[in-house]
Amino acid sequence: MAAKTIVAPCGLLLLLCSSLSGVNGIGVNYGMIGSDLPSPDKVVALYKSHNITDVRLFHPDTSVLEALRGSGLGVVLGTLNEDLYALASDASFAASWVQSYVQPFAGSVNFRYINAGNEVIPGEAAALVLPAMQNLEAALQAAGLSVPVTTAVATSVLGSSYPPSQGAFSEASLPTVGPIVSFLASRGTPLLVNVYPYFAYSADPSSVPLDYALLSSSAAVAVTDNGVEYANLFDAILDAVYAAVEKAGGGSLELVVSETGWPSGGGGYGASVENAAAYVNNLVRHVGRGTPRRPGKAVETYIFAIFNENQKPEGVEQHFGLFQPDMSEVYHVDFSAASSS
(Lines give C-alpha, C1' and ligand atoms only; values in the text may rest on other atoms or scores of the structure.)
Protein backbone atom coordinates (compact mmCIF):
# COMPACT_ATOMS: atom_id res chain seq x y z
CA MET A 1 0.00 0.00 0.00
CA ALA A 2 1.58 3.26 -1.14
CA ALA A 3 0.43 6.73 -2.01
CA LYS A 4 1.19 9.57 -4.37
CA THR A 5 -0.14 13.10 -4.67
CA ILE A 6 -0.71 14.54 -8.14
CA VAL A 7 -2.13 18.00 -8.80
CA ALA A 8 -4.30 18.08 -11.87
CA PRO A 9 -4.25 21.05 -14.26
CA CYS A 10 -7.75 22.05 -13.16
CA GLY A 11 -6.59 22.27 -9.57
CA LEU A 12 -8.25 19.03 -8.46
CA LEU A 13 -5.93 17.28 -6.04
CA LEU A 14 -5.72 13.61 -6.68
CA LEU A 15 -3.91 11.35 -4.28
CA LEU A 16 -3.38 8.09 -6.02
CA CYS A 17 -2.28 5.10 -4.05
CA SER A 18 -1.31 2.44 -4.91
CA SER A 19 -8.78 -7.47 -16.11
CA LEU A 20 -9.49 -10.26 -17.29
CA SER A 21 -12.68 -10.72 -19.36
CA GLY A 22 -15.25 -13.05 -17.94
CA VAL A 23 -14.38 -12.58 -14.29
CA ASN A 24 -17.41 -13.66 -12.27
CA GLY A 25 -16.10 -13.31 -8.73
CA ILE A 26 -14.10 -11.13 -6.41
CA GLY A 27 -10.85 -11.93 -4.67
CA VAL A 28 -9.66 -10.77 -1.27
CA ASN A 29 -6.10 -10.21 -0.04
CA TYR A 30 -5.09 -12.51 2.81
CA GLY A 31 -2.69 -10.50 4.97
CA MET A 32 -1.09 -12.11 7.99
CA ILE A 33 0.37 -9.18 9.97
CA GLY A 34 -1.68 -9.93 13.07
CA SER A 35 -1.10 -11.75 16.34
CA ASP A 36 -4.57 -13.24 16.67
CA LEU A 37 -5.55 -14.51 13.23
CA PRO A 38 -7.44 -17.80 12.73
CA SER A 39 -5.80 -20.92 11.33
CA PRO A 40 -5.45 -21.17 7.54
CA ASP A 41 -8.05 -23.95 7.22
CA LYS A 42 -10.62 -21.74 8.96
CA VAL A 43 -9.69 -18.83 6.69
CA VAL A 44 -10.16 -20.90 3.54
CA ALA A 45 -13.56 -22.04 4.84
CA LEU A 46 -14.45 -18.39 5.51
CA TYR A 47 -13.66 -17.44 1.91
CA LYS A 48 -15.77 -20.25 0.52
CA SER A 49 -18.73 -19.64 2.81
CA HIS A 50 -18.93 -16.00 1.66
CA ASN A 51 -18.67 -16.69 -2.10
CA ILE A 52 -15.16 -15.21 -2.32
CA THR A 53 -13.65 -16.91 -5.36
CA ASP A 54 -9.98 -15.86 -5.25
CA VAL A 55 -7.24 -15.09 -2.74
CA ARG A 56 -4.04 -13.08 -2.99
CA LEU A 57 -1.11 -14.05 -0.77
CA PHE A 58 1.65 -11.49 -0.23
CA HIS A 59 4.26 -14.18 0.37
CA PRO A 60 4.43 -17.98 0.27
CA ASP A 61 3.30 -19.84 3.37
CA THR A 62 3.21 -23.62 3.13
CA SER A 63 0.54 -23.99 5.83
CA VAL A 64 -1.75 -21.69 3.85
CA LEU A 65 -0.96 -23.45 0.59
CA GLU A 66 -1.76 -26.79 2.22
CA ALA A 67 -5.12 -25.39 3.36
CA LEU A 68 -5.82 -24.22 -0.19
CA ARG A 69 -5.46 -27.71 -1.69
CA GLY A 70 -8.68 -28.72 -3.39
CA SER A 71 -10.44 -25.52 -2.34
CA GLY A 72 -11.15 -24.32 -5.87
CA LEU A 73 -10.01 -20.81 -4.95
CA GLY A 74 -7.88 -18.97 -7.49
CA VAL A 75 -4.54 -18.01 -5.92
CA VAL A 76 -2.23 -15.08 -6.61
CA LEU A 77 1.07 -16.01 -4.95
CA GLY A 78 3.47 -13.19 -4.12
CA THR A 79 7.17 -13.16 -3.41
CA LEU A 80 8.70 -11.25 -0.54
CA ASN A 81 10.23 -7.98 -1.73
CA GLU A 82 13.40 -8.88 0.14
CA ASP A 83 13.73 -12.00 -2.04
CA LEU A 84 13.82 -10.00 -5.29
CA TYR A 85 17.62 -9.69 -5.29
CA ALA A 86 18.13 -13.44 -5.02
CA LEU A 87 15.36 -14.20 -7.49
CA ALA A 88 16.83 -11.73 -9.99
CA SER A 89 20.50 -12.67 -9.62
CA ASP A 90 20.39 -16.41 -9.00
CA ALA A 91 18.44 -18.71 -11.30
CA SER A 92 18.95 -21.60 -8.86
CA PHE A 93 17.24 -19.60 -6.10
CA ALA A 94 14.25 -19.02 -8.40
CA ALA A 95 14.20 -22.74 -9.19
CA SER A 96 14.29 -23.60 -5.49
CA TRP A 97 11.48 -21.10 -4.82
CA VAL A 98 9.30 -22.77 -7.44
CA GLN A 99 10.20 -26.24 -6.16
CA SER A 100 9.27 -25.24 -2.60
CA TYR A 101 6.12 -23.18 -3.08
CA VAL A 102 4.54 -23.97 -6.46
CA GLN A 103 5.47 -27.42 -7.72
CA PRO A 104 4.31 -29.42 -4.65
CA PHE A 105 0.89 -27.73 -4.76
CA ALA A 106 0.31 -27.26 -8.48
CA GLY A 107 -1.89 -30.32 -8.89
CA SER A 108 -4.42 -29.22 -6.29
CA VAL A 109 -4.05 -25.42 -6.01
CA ASN A 110 -5.31 -23.13 -8.77
CA PHE A 111 -2.43 -20.68 -9.19
CA ARG A 112 -3.58 -17.69 -11.24
CA TYR A 113 -0.36 -15.66 -11.14
CA ILE A 114 3.01 -15.49 -9.45
CA ASN A 115 3.45 -11.90 -8.29
CA ALA A 116 7.15 -10.89 -8.19
CA GLY A 117 7.38 -7.95 -5.81
CA ASN A 118 4.77 -5.52 -4.51
CA GLU A 119 5.02 -1.75 -5.01
CA VAL A 120 8.78 -1.56 -5.56
CA ILE A 121 8.63 0.61 -8.71
CA PRO A 122 9.98 3.28 -8.67
CA GLY A 123 12.64 2.65 -6.06
CA GLU A 124 15.98 1.05 -5.32
CA ALA A 125 14.74 -2.49 -6.03
CA ALA A 126 12.86 -1.57 -9.21
CA ALA A 127 15.54 -2.88 -11.57
CA LEU A 128 15.33 -6.31 -9.91
CA VAL A 129 11.69 -6.93 -10.82
CA LEU A 130 11.98 -7.92 -14.49
CA PRO A 131 15.00 -10.22 -14.02
CA ALA A 132 13.17 -11.86 -11.11
CA MET A 133 10.11 -12.35 -13.30
CA GLN A 134 12.25 -13.84 -16.06
CA ASN A 135 13.99 -16.27 -13.71
CA LEU A 136 10.70 -17.33 -12.14
CA GLU A 137 9.16 -17.88 -15.56
CA ALA A 138 12.14 -20.01 -16.63
CA ALA A 139 11.95 -22.03 -13.41
CA LEU A 140 8.24 -22.64 -13.85
CA GLN A 141 8.72 -23.72 -17.45
CA ALA A 142 11.55 -26.05 -16.45
CA ALA A 143 9.18 -27.62 -13.90
CA GLY A 144 6.53 -28.07 -16.58
CA LEU A 145 4.23 -25.46 -15.04
CA SER A 146 2.37 -22.77 -16.97
CA VAL A 147 1.66 -20.12 -14.33
CA PRO A 148 1.86 -16.50 -15.52
CA VAL A 149 4.41 -14.27 -13.79
CA THR A 150 3.72 -10.57 -13.17
CA THR A 151 4.29 -7.81 -10.60
CA ALA A 152 2.15 -5.39 -8.60
CA VAL A 153 2.61 -1.62 -8.80
CA ALA A 154 1.15 1.32 -6.94
CA THR A 155 -0.19 4.25 -8.92
CA SER A 156 2.93 6.13 -7.85
CA VAL A 157 4.32 4.77 -11.15
CA LEU A 158 2.29 7.50 -12.85
CA GLY A 159 3.74 10.90 -13.60
CA SER A 160 0.46 12.16 -15.01
CA SER A 161 -3.05 10.95 -14.20
CA TYR A 162 -5.48 13.78 -14.97
CA PRO A 163 -7.52 13.67 -17.02
CA PRO A 164 -7.42 9.87 -17.34
CA SER A 165 -6.57 9.96 -21.06
CA GLN A 166 -3.35 11.81 -20.17
CA GLY A 167 -2.18 9.02 -17.87
CA ALA A 168 1.54 8.36 -18.36
CA PHE A 169 4.32 6.67 -16.45
CA SER A 170 6.75 8.96 -14.68
CA GLU A 171 10.30 9.52 -15.89
CA ALA A 172 11.50 7.62 -12.82
CA SER A 173 9.23 4.62 -13.51
CA LEU A 174 9.24 4.30 -17.30
CA PRO A 175 12.76 2.80 -17.73
CA THR A 176 11.71 -0.07 -15.46
CA VAL A 177 8.00 -0.45 -16.04
CA GLY A 178 8.21 0.00 -19.83
CA PRO A 179 10.12 -3.27 -20.40
CA ILE A 180 7.83 -5.03 -17.90
CA VAL A 181 4.80 -3.88 -19.91
CA SER A 182 6.42 -5.29 -23.07
CA PHE A 183 7.22 -8.57 -21.30
CA LEU A 184 3.65 -8.95 -20.06
CA ALA A 185 2.00 -7.85 -23.31
CA SER A 186 3.99 -10.40 -25.30
CA ARG A 187 2.64 -13.14 -23.06
CA GLY A 188 -0.92 -11.92 -22.60
CA THR A 189 -0.34 -11.62 -18.84
CA PRO A 190 -1.92 -8.73 -16.91
CA LEU A 191 -0.14 -6.09 -14.84
CA LEU A 192 -1.33 -5.89 -11.23
CA VAL A 193 -2.21 -2.42 -9.91
CA ASN A 194 -3.13 -1.29 -6.39
CA VAL A 195 -5.93 1.30 -6.54
CA TYR A 196 -7.10 3.29 -3.50
CA PRO A 197 -9.70 6.04 -4.05
CA TYR A 198 -9.89 6.37 -0.25
CA PHE A 199 -6.56 8.17 -0.06
CA ALA A 200 -7.59 10.68 -2.74
CA TYR A 201 -10.70 11.51 -0.77
CA SER A 202 -9.06 11.67 2.65
CA ALA A 203 -6.25 13.91 1.39
CA ASP A 204 -8.55 16.54 -0.13
CA PRO A 205 -12.23 15.98 0.68
CA SER A 206 -13.13 19.50 -0.44
CA SER A 207 -12.08 18.62 -4.01
CA VAL A 208 -12.97 14.92 -4.19
CA PRO A 209 -16.70 14.33 -3.57
CA LEU A 210 -17.41 11.44 -1.23
CA ASP A 211 -20.00 9.87 -3.57
CA TYR A 212 -17.43 9.99 -6.40
CA ALA A 213 -14.89 8.15 -4.23
CA LEU A 214 -17.44 5.59 -2.96
CA LEU A 215 -18.70 4.57 -6.44
CA SER A 216 -22.16 5.67 -5.38
CA SER A 217 -24.83 5.15 -8.04
CA SER A 218 -26.12 8.63 -7.21
CA ALA A 219 -22.76 10.33 -7.81
CA ALA A 220 -22.71 13.11 -10.38
CA VAL A 221 -20.23 13.11 -13.24
CA ALA A 222 -17.10 14.70 -11.78
CA VAL A 223 -14.71 14.46 -14.74
CA THR A 224 -15.37 14.78 -18.46
CA ASP A 225 -12.40 13.71 -20.57
CA ASN A 226 -12.75 14.27 -24.32
CA GLY A 227 -16.45 13.53 -24.04
CA VAL A 228 -15.94 10.51 -21.76
CA GLU A 229 -17.72 10.92 -18.44
CA TYR A 230 -16.44 9.63 -15.10
CA ALA A 231 -18.82 9.31 -12.16
CA ASN A 232 -16.40 7.41 -9.91
CA LEU A 233 -12.75 7.77 -9.03
CA PHE A 234 -11.99 4.04 -9.28
CA ASP A 235 -12.60 4.08 -13.04
CA ALA A 236 -10.69 7.34 -13.46
CA ILE A 237 -7.61 5.94 -11.71
CA LEU A 238 -7.73 2.64 -13.57
CA ASP A 239 -8.17 4.33 -16.95
CA ALA A 240 -5.20 6.60 -16.23
CA VAL A 241 -3.09 3.45 -15.81
CA TYR A 242 -4.57 1.96 -18.99
CA ALA A 243 -3.61 5.15 -20.85
CA ALA A 244 -0.07 4.94 -19.45
CA VAL A 245 0.22 1.29 -20.51
CA GLU A 246 -0.94 2.17 -24.02
CA LYS A 247 1.57 5.03 -24.28
CA ALA A 248 4.31 2.59 -23.20
CA GLY A 249 3.44 0.26 -26.08
CA GLY A 250 1.33 -2.15 -24.05
CA GLY A 251 -1.59 -2.09 -26.46
CA SER A 252 -4.45 -4.11 -25.05
CA LEU A 253 -2.53 -5.29 -21.96
CA GLU A 254 -4.99 -6.07 -19.18
CA LEU A 255 -4.88 -4.70 -15.65
CA VAL A 256 -5.83 -6.58 -12.51
CA VAL A 257 -6.68 -4.53 -9.43
CA SER A 258 -4.59 -6.41 -6.89
CA GLU A 259 -5.58 -4.20 -3.94
CA THR A 260 -8.40 -1.80 -3.24
CA GLY A 261 -10.35 -1.07 -0.10
CA TRP A 262 -11.60 1.47 2.42
CA PRO A 263 -10.78 1.63 6.15
CA SER A 264 -13.58 1.21 8.67
CA GLY A 265 -11.73 3.04 11.45
CA GLY A 266 -8.35 4.20 12.65
CA GLY A 267 -9.01 7.91 12.80
CA GLY A 268 -8.49 8.80 9.14
CA TYR A 269 -10.80 11.31 7.47
CA GLY A 270 -13.76 9.41 6.05
CA ALA A 271 -12.69 6.13 7.67
CA SER A 272 -15.92 4.59 8.96
CA VAL A 273 -17.84 1.34 8.86
CA GLU A 274 -20.59 3.02 6.83
CA ASN A 275 -18.20 4.31 4.16
CA ALA A 276 -16.20 1.09 4.01
CA ALA A 277 -19.37 -0.96 3.55
CA ALA A 278 -20.61 1.40 0.84
CA TYR A 279 -17.32 1.37 -1.08
CA VAL A 280 -16.77 -2.37 -1.06
CA ASN A 281 -20.36 -3.32 -1.87
CA ASN A 282 -20.52 -0.72 -4.64
CA LEU A 283 -17.22 -2.02 -5.97
CA VAL A 284 -18.41 -5.64 -6.03
CA ARG A 285 -21.44 -4.60 -8.09
CA HIS A 286 -19.42 -2.33 -10.39
CA VAL A 287 -16.30 -4.14 -11.56
CA GLY A 288 -18.09 -6.52 -13.91
CA ARG A 289 -19.02 -3.57 -16.13
CA GLY A 290 -15.49 -2.50 -17.02
CA THR A 291 -14.30 1.11 -17.28
CA PRO A 292 -15.04 3.82 -19.86
CA ARG A 293 -11.73 3.01 -21.57
CA ARG A 294 -12.45 -0.74 -21.54
CA PRO A 295 -16.26 -0.95 -21.40
CA GLY A 296 -17.85 -4.32 -20.81
CA LYS A 297 -14.53 -5.92 -19.87
CA ALA A 298 -14.77 -7.14 -16.29
CA VAL A 299 -11.98 -6.00 -14.00
CA GLU A 300 -10.43 -8.81 -11.96
CA THR A 301 -10.31 -7.26 -8.48
CA TYR A 302 -8.88 -8.17 -5.08
CA ILE A 303 -10.19 -6.34 -2.02
CA PHE A 304 -7.79 -5.38 0.74
CA ALA A 305 -8.13 -7.22 3.07
CA ILE A 306 -9.78 -10.20 4.73
CA PHE A 307 -8.90 -9.26 8.36
CA ASN A 308 -8.11 -6.28 10.51
CA GLU A 309 -4.42 -6.81 11.32
CA ASN A 310 -3.22 -5.53 14.69
CA GLN A 311 0.50 -5.65 13.93
CA LYS A 312 0.31 -3.21 11.05
CA PRO A 313 1.14 0.48 11.70
CA GLU A 314 -1.39 2.17 13.99
CA GLY A 315 -4.14 4.14 12.29
CA VAL A 316 -6.19 3.24 9.24
CA GLU A 317 -3.82 0.47 8.13
CA GLN A 318 -5.12 -1.73 10.96
CA HIS A 319 -8.72 -1.27 9.81
CA PHE A 320 -9.03 -2.38 6.19
CA GLY A 321 -10.40 -5.82 7.09
CA LEU A 322 -13.77 -7.19 6.11
CA PHE A 323 -13.66 -9.43 9.19
CA GLN A 324 -12.34 -9.28 12.71
CA PRO A 325 -9.77 -11.93 13.69
CA ASP A 326 -12.59 -13.88 15.39
CA MET A 327 -14.17 -14.07 11.89
CA SER A 328 -17.12 -11.85 12.76
CA GLU A 329 -18.02 -9.34 10.06
CA VAL A 330 -16.80 -5.76 10.35
CA TYR A 331 -19.60 -5.10 7.84
CA HIS A 332 -21.52 -7.27 5.42
CA VAL A 333 -20.43 -7.71 1.80
CA ASP A 334 -22.65 -9.45 -0.72
CA PHE A 335 -20.02 -11.17 -2.88
CA SER A 336 -22.70 -12.98 -4.86
CA ALA A 337 -23.57 -9.61 -6.44
CA ALA A 338 -20.34 -9.83 -8.47
CA SER A 339 -21.68 -12.61 -10.69
CA SER A 340 -24.77 -10.61 -11.62
CA SER A 341 -23.17 -7.19 -12.16
# chains A, B, ... in the order shown; residues from 1 in each chain; ligands from 1
>>> residues_around(residues="stretch 71-87 of chain A", least_positions_apart="5", cutoff="8 Å", atoms="only C-alpha atoms", output="ChimeraX atom specification")
/A:44,48,53-60,93-94,109-118,120,125,128-129,131-132,135-136
>>> residues_around(residues="A:Glu300", least_positions_apart="3", cutoff="12 Å", atoms="only C-alpha atoms", output="number ranges by chain")
A: 19-28, 53-56, 74, 76, 112, 190-194, 238, 254-260, 283-284, 286-291, 297, 303, 338-339
>>> closest_residue(among="A:Gly159, A:Ile121, A:Val181, A:Val98", to="A:Gln141", atoms="only C-alpha atoms")
A:Val98
>>> residues_around(residues="A:Ile33", least_positions_apart="3", cutoff="7 Å", atoms="only C-alpha atoms", output="PyMOL selection string")
chain A and resi 309-312
>>> closest_residue(among="A:Ala185, A:Val157, A:Ile180, A:Ala220", to="A:Ser252", atoms="only C-alpha atoms")
A:Ala185
>>> select_by_dssp(residues="stretch 87-270 of chain A", states="strand (DSSP E)", output="ChimeraX atom specification")
/A:110-118,149-154,158-160,168-169,191-194,223-225,228-230,255-260
>>> select_by_dssp(residues="stretch 69-230 of chain A", states="helix (DSSP H, G or I)", output="PyMOL selection string")
chain A and resi 81-89+91-101+103-105+126-142+155-157+164-166+174-187+197-203+210-213
>>> residues_around(residues="stretch 239-246 of chain A", least_positions_apart="2", cutoff="8 Å", atoms="only C-alpha atoms", output="list in words")
Thr155, Leu158, Ser161, Tyr162, Pro163, Pro164, Ser165, Gln166, Gly167, Ala168, Phe169, Val181, Asp235, Ala236, Ile237, Ala248, Gly249, Gly250, Gly251, Ser252, Leu253, Leu255, Thr291, Pro292 and Arg293 of chain A
>>> closest_residue(among="A:Ser146, A:Ser160, A:Asn282, A:Ser264", to="A:Asp334", atoms="only C-alpha atoms")
A:Asn282
